[in-house]
$ cat entry_34.pdb   # PDB, C-alpha atoms, pLDDT in the B column
ATOM      1  CA  MET A   1     -59.609  60.386  54.303  1.00 54.00           C
ATOM      2  CA  SER A   2     -62.989  60.609  55.918  1.00 70.00           C
ATOM      3  CA  VAL A   3     -65.731  58.029  55.711  1.00 77.00           C
ATOM      4  CA  LEU A   4     -67.904  60.503  53.804  1.00 83.00           C
ATOM      5  CA  TYR A   5     -65.260  60.720  51.066  1.00 79.00           C
ATOM      6  CA  GLN A   6     -65.228  56.935  50.775  1.00 80.00           C
ATOM      7  CA  VAL A   7     -69.017  56.848  50.556  1.00 86.00           C
ATOM      8  CA  VAL A   8     -68.896  59.432  47.758  1.00 87.00           C
ATOM      9  CA  ASP A   9     -66.244  57.311  46.007  1.00 86.00           C
ATOM     10  CA  ILE A  10     -68.559  54.297  46.179  1.00 87.00           C
ATOM     11  CA  VAL A  11     -71.495  56.326  44.840  1.00 92.00           C
ATOM     12  CA  ILE A  12     -69.372  57.660  41.981  1.00 91.00           C
ATOM     13  CA  GLY A  13     -68.187  54.118  41.249  1.00 90.00           C
ATOM     14  CA  GLY A  14     -71.804  52.997  41.124  1.00 91.00           C
ATOM     15  CA  LEU A  15     -72.666  55.813  38.746  1.00 93.00           C
ATOM     16  CA  ILE A  16     -69.734  54.858  36.524  1.00 92.00           C
ATOM     17  CA  ALA A  17     -70.838  51.214  36.531  1.00 93.00           C
ATOM     18  CA  GLY A  18     -74.475  52.107  35.828  1.00 93.00           C
ATOM     19  CA  ALA A  19     -73.761  54.568  33.049  1.00 94.00           C
ATOM     20  CA  THR A  20     -71.273  52.235  31.378  1.00 94.00           C
ATOM     21  CA  THR A  21     -73.662  49.301  31.603  1.00 94.00           C
ATOM     22  CA  PHE A  22     -76.526  51.382  30.187  1.00 94.00           C
ATOM     23  CA  VAL A  23     -74.494  52.655  27.230  1.00 94.00           C
ATOM     24  CA  LEU A  24     -72.901  49.318  26.392  1.00 94.00           C
ATOM     25  CA  SER A  25     -76.146  47.390  26.737  1.00 92.00           C
ATOM     26  CA  ALA A  26     -77.691  49.724  24.172  1.00 91.00           C
ATOM     27  CA  ALA A  27     -74.722  49.238  21.840  1.00 92.00           C
ATOM     28  CA  THR A  28     -74.262  45.473  22.214  1.00 89.00           C
ATOM     29  CA  ALA A  29     -76.581  42.514  22.618  1.00 87.00           C
ATOM     30  CA  ASP A  30     -74.427  40.954  25.350  1.00 88.00           C
ATOM     31  CA  GLN A  31     -75.771  42.196  28.705  1.00 90.00           C
ATOM     32  CA  GLN A  32     -73.193  40.271  30.720  1.00 92.00           C
ATOM     33  CA  LEU A  33     -70.345  41.962  28.869  1.00 93.00           C
ATOM     34  CA  ALA A  34     -71.860  45.381  29.568  1.00 93.00           C
ATOM     35  CA  VAL A  35     -72.138  44.639  33.299  1.00 94.00           C
ATOM     36  CA  THR A  36     -68.606  43.231  33.432  1.00 93.00           C
ATOM     37  CA  VAL A  37     -67.103  46.290  31.747  1.00 93.00           C
ATOM     38  CA  GLY A  38     -69.104  48.588  34.037  1.00 93.00           C
ATOM     39  CA  VAL A  39     -67.884  46.807  37.162  1.00 93.00           C
ATOM     40  CA  VAL A  40     -64.290  46.832  35.921  1.00 92.00           C
ATOM     41  CA  LEU A  41     -64.377  50.589  35.271  1.00 92.00           C
ATOM     42  CA  ALA A  42     -65.994  51.286  38.648  1.00 91.00           C
ATOM     43  CA  SER A  43     -63.362  49.139  40.365  1.00 87.00           C
ATOM     44  CA  MET A  44     -60.597  50.953  38.533  1.00 85.00           C
ATOM     45  CA  TYR A  45     -61.915  54.268  39.817  1.00 85.00           C
ATOM     46  CA  TYR A  46     -62.356  53.058  43.398  1.00 82.00           C
ATOM     47  CA  PHE A  47     -58.970  51.370  43.640  1.00 78.00           C
ATOM     48  CA  SER A  48     -57.222  54.333  42.049  1.00 76.00           C
ATOM     49  CA  ARG A  49     -58.629  56.366  44.959  1.00 75.00           C
ATOM     50  CA  ASN A  50     -57.807  53.705  47.561  1.00 68.00           C
ATOM     51  CA  PRO A  51     -54.682  51.985  46.183  1.00 64.00           C
ATOM     52  CA  TRP A  52     -53.305  48.745  47.535  1.00 55.00           C
ATOM     53  CA  GLY A  53     -49.935  49.046  45.888  1.00 55.00           C
ATOM     54  CA  SER A  54     -48.187  50.370  42.805  1.00 58.00           C
ATOM     55  CA  ASP A  55     -46.845  53.911  42.969  1.00 63.00           C
ATOM     56  CA  PRO A  56     -48.123  55.480  46.219  1.00 63.00           C
ATOM     57  CA  GLU A  57     -46.628  58.905  45.458  1.00 68.00           C
ATOM     58  CA  ARG A  58     -48.542  59.242  42.222  1.00 72.00           C
ATOM     59  CA  ALA A  59     -51.721  57.916  43.845  1.00 71.00           C
ATOM     60  CA  ALA A  60     -51.314  60.462  46.643  1.00 76.00           C
ATOM     61  CA  GLU A  61     -51.056  63.259  44.076  1.00 79.00           C
ATOM     62  CA  TYR A  62     -54.303  62.255  42.354  1.00 77.00           C
ATOM     63  CA  ASN A  63     -56.037  61.674  45.661  1.00 78.00           C
ATOM     64  CA  ALA A  64     -55.017  65.136  46.869  1.00 82.00           C
ATOM     65  CA  ARG A  65     -56.629  66.712  43.796  1.00 84.00           C
ATOM     66  CA  ILE A  66     -59.845  64.753  44.250  1.00 82.00           C
ATOM     67  CA  ASP A  67     -59.894  65.495  47.994  1.00 82.00           C
ATOM     68  CA  GLU A  68     -59.580  69.223  47.242  1.00 87.00           C
ATOM     69  CA  PHE A  69     -62.580  68.933  44.923  1.00 86.00           C
ATOM     70  CA  TYR A  70     -64.568  67.020  47.564  1.00 84.00           C
ATOM     71  CA  GLY A  71     -63.541  69.593  50.191  1.00 86.00           C
ATOM     72  CA  LYS A  72     -65.295  72.314  48.229  1.00 88.00           C
ATOM     73  CA  PHE A  73     -68.662  70.534  48.326  1.00 85.00           C
ATOM     74  CA  LEU A  74     -68.648  68.197  51.346  1.00 79.00           C
ATOM     75  CA  PRO A  75     -68.471  69.135  55.017  1.00 73.00           C
TER
END
$ encode --input "entry_34.pdb" --output "structure tokens"
Amino acid sequence: MSVLYQVVDIVIGGLIAGATTFVLSAATADQQLAVTVGVVLASMYYFSRNPWGSDPERAAEYNARIDEFYGKFLP
């Protein structure tokens, strides 16, 4: 996996965290909860792309699909 793919993963994680925080902060009065949920969802995305354990075969399958998608748009 190239460095550019990892950078895109981090940007997408940031977008997930920001969008989740924005939506939840509008729906709830607890800003800290909104940020926490946003960070958790962004971390789930990032670590599903770059797994440290669990089922590596299944992770490789998902990563291959995402890498194909990235390959269409990134050099």
$ residues_around --input "entry_34.pdb" --residues "region 12-22 of chain A" --least-positions-apart "3" --cutoff "10 Å" --atoms "all atoms listed in the file" --output "PDB file with C-alpha atoms, in the coordinates of the input"
ATOM      1  CA  GLN A   6     -65.228  56.935  50.775  1.00 80.00           C
ATOM      2  CA  VAL A   7     -69.017  56.848  50.556  1.00 86.00           C
ATOM      3  CA  VAL A   8     -68.896  59.432  47.758  1.00 87.00           C
ATOM      4  CA  ASP A   9     -66.244  57.311  46.007  1.00 86.00           C
ATOM      5  CA  SER A  25     -76.146  47.390  26.737  1.00 92.00           C
ATOM      6  CA  ALA A  26     -77.691  49.724  24.172  1.00 91.00           C
ATOM      7  CA  ALA A  27     -74.722  49.238  21.840  1.00 92.00           C
ATOM      8  CA  GLN A  31     -75.771  42.196  28.705  1.00 90.00           C
ATOM      9  CA  GLN A  32     -73.193  40.271  30.720  1.00 92.00           C
ATOM     10  CA  LEU A  33     -70.345  41.962  28.869  1.00 93.00           C
ATOM     11  CA  ALA A  34     -71.860  45.381  29.568  1.00 93.00           C
ATOM     12  CA  VAL A  35     -72.138  44.639  33.299  1.00 94.00           C
ATOM     13  CA  THR A  36     -68.606  43.231  33.432  1.00 93.00           C
ATOM     14  CA  VAL A  37     -67.103  46.290  31.747  1.00 93.00           C
ATOM     15  CA  GLY A  38     -69.104  48.588  34.037  1.00 93.00           C
ATOM     16  CA  VAL A  39     -67.884  46.807  37.162  1.00 93.00           C
ATOM     17  CA  VAL A  40     -64.290  46.832  35.921  1.00 92.00           C
ATOM     18  CA  LEU A  41     -64.377  50.589  35.271  1.00 92.00           C
ATOM     19  CA  ALA A  42     -65.994  51.286  38.648  1.00 91.00           C
ATOM     20  CA  SER A  43     -63.362  49.139  40.365  1.00 87.00           C
ATOM     21  CA  MET A  44     -60.597  50.953  38.533  1.00 85.00           C
ATOM     22  CA  TYR A  45     -61.915  54.268  39.817  1.00 85.00           C
ATOM     23  CA  TYR A  46     -62.356  53.058  43.398  1.00 82.00           C
ATOM     24  CA  PHE A  47     -58.970  51.370  43.640  1.00 78.00           C
TER      25      PHE A  47
END
$ atom_distance --input "entry_34.pdb" --atom1 "CA of Arg65 (chain A)" --atom2 "CA of Ser2 (chain A)"
15.0 Å
$ atom_distance --input "entry_34.pdb" --atom1 "CA of Leu24 (chain A)" --atom2 "CA of Ser48 (chain A)"
22.7 Å
$ residues_near_point --input "entry_34.pdb" --point "(-67.5, 65.8, 46.3)" --cutoff "10 Å" --atoms "only C-alpha atoms" --output "list in words"
Leu4, Tyr5, Val8, Asp9, Ile12, Ile66, Asp67, Glu68, Phe69, Tyr70, Gly71, Lys72, Phe73, Leu74 and Pro75 of chain A
